[in-house]
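Student: This is the structure I want to talk about, given as structure tokens.
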Amino acid sequence: MAFIRATGKHRAPSRLTRKSAKAAGIAALATTGVLGATASPALAADSEAAAATGTGLTQTVALDTTLAAQIDAQAEAQQHQADVAAKAKAEAKARAEAKAEAKRKAEARAAEAREEKARAARAAERARLNSFHLPVAGSHVTTGYQSGGALWSSGSHSGVDFQAASGSSVVAVGAGTVVEAGWGGAYGNNIVLRMNDGTYTQYGHLSSIGVSVGQSVGSGEQIGLSGSTGNSTGPHLHFEARTTPEYGSDMDPVAYLRAHGVQV
Ligand SMILES: [Zn+2]
């Protein structure tokens, strides 16, 4: 059949022209992003070329969607990891702060305990230094103050005698300074201390002197050993309390010791 084009009759567009127009339309839709994942079967059937183009675009869009989802998921995972890490960090910081606070409190308690112990030690030391002692521990008076007898040049005992076997430890009754240490005539080897309260104490008939003039002595500190040197009938300690370092300024040694809290 001959292909005759009728003149004067409205000419329909050729099939090729229609195909091209539809393909262009699909391309235009794809460009604007309106094309969905499901391409119209009518469009695909209308033109193989258009269908091929449409399918390709659909795949590209589908791939883009998957990639976007993956990126979203990755971003979400990263955010989650960051949140977990931040939470762990905050918890670790809180734990570290709690530990540091506990350590500070423990140190404060320890410091307080040390200070309390030091205060107690200072108080005990003050009490020890301020307290008075018997010149011979555990001893007792054998001859009282001002008792009469031929033995004493003044006719009266200027101190008291404490029972003490030879070599017994003789201690300072209180804290003071040595003002005399040596031979004292009738007193034999004797020591005189100026006490911190301004009074004086004297220790006679010693077998041994353990201190020297100018030396500071603590209360209860050994200053010599008892004996029977000088005008003595046997081992004992002659003890005097005085208002001055000199013989004759004596006062009642028992009252003196008792006034300083010593039981005698
Ligand atoms: Zn005596």
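Naming scheme: A, B, ... for chains in displayed order of the structure tokens; residues 1 onward per chain; ligands 1 onward as shown.
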Write out, as CSV, each residue of chain A that has an atom at most 6 Å from ligand 1, together with the closest pair of atoms and their distance in Å to one decimal, counting only C-alpha atoms and all ligand atoms, rows going by chain and rising number.

Tutor:
```
residue,atom,partner,partner_atom_place_in_ligand_line,distance
A:Gly159,CA,ligand 1,1 (Zn),5.6
A:Val160,CA,ligand 1,1 (Zn),5.2
A:Asp161,CA,ligand 1,1 (Zn),4.5
A:His238,CA,ligand 1,1 (Zn),4.1
```

Student: Restrict the selected residues to C-alpha atoms and save them as a compact mmCIF listing (two decimals), in the first residue's frame.

Tutor:
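To be explicit, this is the file written out as result_18.txt:
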```txt
# COMPACT_ATOMS: atom_id res chain seq x y z
CA GLY A 159 64.14 18.75 156.10
CA VAL A 160 62.72 15.26 156.02
CA ASP A 161 64.44 11.92 155.52
CA HIS A 238 67.59 14.06 153.06
```

Student: Which residues are near stretch 253-262 of chain A? Cut-off 6 Å, only C-alpha atoms, ignore same chain within fewer than 4 positions. Put them as a VMD selection string.

Tutor: chain A and resid 132 240 to 241

Student: Using backbone DSSP assignments, extract all helix (DSSP H, G or I) residues from stretch 41-193 of chain A; output them as a PyMOL selection string.

Tutor: chain A and resi 41-46+48-130+185-187

Student: Please run DSSP on the backbone and report, as a ChimeraX atom specification, all residues within stretch 178-239 of chain A that come out as strand (DSSP E).

Tutor: /A:178-183,189-195,200-206,208-209,216-217,222-225,236-239

Student: Would you put the residues from that selection into a file with N, CA and C atoms, as a compact mmCIF listing (two decimals), in the first residue's frame?

Tutor:
```txt
# COMPACT_ATOMS: atom_id res chain seq x y z
N VAL A 178 69.38 23.32 137.94
CA VAL A 178 70.38 22.98 138.96
C VAL A 178 71.17 24.24 139.33
N VAL A 179 71.17 24.59 140.64
CA VAL A 179 71.95 25.76 141.07
C VAL A 179 73.11 25.34 141.95
N GLU A 180 73.09 24.11 142.42
CA GLU A 180 74.22 23.59 143.20
C GLU A 180 74.29 22.09 143.00
N ALA A 181 75.51 21.57 142.79
CA ALA A 181 75.71 20.13 142.60
C ALA A 181 77.13 19.81 143.04
N GLY A 182 77.28 19.24 144.24
CA GLY A 182 78.62 18.94 144.73
C GLY A 182 78.62 18.66 146.23
N TRP A 183 79.79 18.78 146.79
CA TRP A 183 79.93 18.49 148.22
C TRP A 183 79.28 19.59 149.05
N ASN A 189 77.29 14.68 149.43
CA ASN A 189 77.03 15.08 148.04
C ASN A 189 75.59 15.58 147.97
N ASN A 190 75.43 16.83 147.54
CA ASN A 190 74.05 17.35 147.51
C ASN A 190 73.76 18.18 146.27
N ILE A 191 72.51 18.27 145.98
CA ILE A 191 72.03 19.02 144.80
C ILE A 191 70.98 20.01 145.27
N VAL A 192 71.03 21.24 144.76
CA VAL A 192 69.98 22.23 145.02
C VAL A 192 69.40 22.64 143.67
N LEU A 193 68.07 22.59 143.60
CA LEU A 193 67.37 23.00 142.36
C LEU A 193 66.56 24.25 142.62
N ARG A 194 66.59 25.18 141.62
CA ARG A 194 65.64 26.29 141.66
C ARG A 194 64.45 25.82 140.83
N MET A 195 63.31 25.68 141.50
CA MET A 195 62.12 25.19 140.81
C MET A 195 61.53 26.30 139.93
N TYR A 200 62.92 26.45 146.09
CA TYR A 200 64.14 25.63 145.95
C TYR A 200 63.93 24.30 146.64
N THR A 201 64.57 23.26 146.11
CA THR A 201 64.56 21.94 146.76
C THR A 201 65.99 21.45 146.85
N GLN A 202 66.25 20.70 147.92
CA GLN A 202 67.62 20.22 148.16
C GLN A 202 67.61 18.73 148.44
N TYR A 203 68.64 18.03 147.94
CA TYR A 203 68.73 16.56 148.02
C TYR A 203 70.12 16.23 148.58
N GLY A 204 70.17 15.56 149.77
CA GLY A 204 71.47 15.32 150.42
C GLY A 204 71.84 13.86 150.63
N HIS A 205 73.12 13.68 151.01
CA HIS A 205 73.72 12.36 151.31
C HIS A 205 73.79 11.44 150.09
N LEU A 206 73.84 12.05 148.90
CA LEU A 206 73.82 11.24 147.67
C LEU A 206 75.11 10.44 147.50
N SER A 208 75.84 9.48 144.48
CA SER A 208 76.24 9.89 143.12
C SER A 208 75.42 11.09 142.66
N ILE A 209 76.08 12.03 141.99
CA ILE A 209 75.40 13.21 141.44
C ILE A 209 75.37 13.06 139.92
N SER A 216 68.94 22.21 133.10
CA SER A 216 67.50 22.16 133.32
C SER A 216 67.08 20.71 133.54
N VAL A 217 66.17 20.51 134.48
CA VAL A 217 65.69 19.15 134.74
C VAL A 217 64.17 19.15 134.72
N GLN A 222 65.64 11.82 136.83
CA GLN A 222 66.68 11.40 137.78
C GLN A 222 67.83 12.41 137.80
N ILE A 223 68.24 12.76 139.02
CA ILE A 223 69.34 13.71 139.16
C ILE A 223 70.54 13.09 139.89
N GLY A 224 70.30 11.95 140.55
CA GLY A 224 71.41 11.29 141.27
C GLY A 224 70.94 10.01 141.92
N LEU A 225 71.86 9.44 142.73
CA LEU A 225 71.52 8.19 143.44
C LEU A 225 71.68 8.42 144.93
N HIS A 236 69.86 6.99 153.15
CA HIS A 236 68.53 7.59 153.07
C HIS A 236 68.66 8.85 152.22
N LEU A 237 67.55 9.48 151.91
CA LEU A 237 67.62 10.76 151.21
C LEU A 237 67.16 11.86 152.15
N HIS A 238 68.00 12.86 152.31
CA HIS A 238 67.59 14.06 153.06
C HIS A 238 67.05 15.04 152.04
N PHE A 239 65.81 15.47 152.26
CA PHE A 239 65.16 16.38 151.31
C PHE A 239 64.67 17.63 152.00
```

Student: Can you work out the spacing between atom CA of A:Ser156 and atom CA of A:Met251 in Å, to one decimal?

Tutor: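 Separation of atom CA of A:Ser156 and atom CA of A:Met251: 12.4 Å.
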
Student: Work out how far atom CA of A:Ala172 is from atom CA of A:Leu134, in Å to one decimal.

Tutor: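 About the pair atom CA of A:Leu134 and atom CA of A:Ala172: they are 8.3 Å apart.
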
Student: Which is closer to A:Ser249 than all the others in A:Gln79, A:Ala123, A:Thr199, A:Gly185, using only C-alpha atoms?

Tutor: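 Ranking A:Gln79, A:Ala123, A:Thr199, A:Gly185 by distance to A:Ser249, first place goes to A:Thr199.
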
Student: May I ask which of the residues A:Val264, A:Ala108, A:Val213, A:Ile71 is the closest one to A:Ala137, counting only C-alpha atoms?

Tutor: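 Between A:Val264, A:Ala108, A:Val213, A:Ile71, the residue approaching A:Ala137 most closely is A:Val264.
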